[in-house]
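Here the structure comes first, spelled out in structure tokens, and everything after it is commentary.
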Amino acid sequence: MMNAKHAYEDGFGGQQDAFYEALIGAHEGLSDEQSHRLNARLVLLMANRIGDLAELRGLINTARAYE
């Protein structure tokens, strides 16, 4: 069985902090429920952009491995 924690390449080109700031900024002023809905929409939009079920399953496993 493959280890769920993968070492993914940096796809941000050094812009990780800018993405994090944009993500946090998108949540400003939202209630917890609105924030959860925003996260769900972002996940679906990003999944659609990735478009590869095997890759998405790997990412889900990786994310769950951090709990």
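Labels for the structure tokens follow display order: chains A, B, ..., residues from 1 in each chain, ligands from 1.
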
Pull the alpha helix (DSSP H) assignments for chain A out of DSSP run on the backbone, and list those residues as an NGL selection string. :A and (16-27 or 32-50 or 53-65)

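When atom CA of A:Asp17 is paired with atom CA of A:Ser31, their separation reads 23.6 Å.
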
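Atom CA of A:Leu23 lies 10.0 Å from atom CA of A:Leu38.
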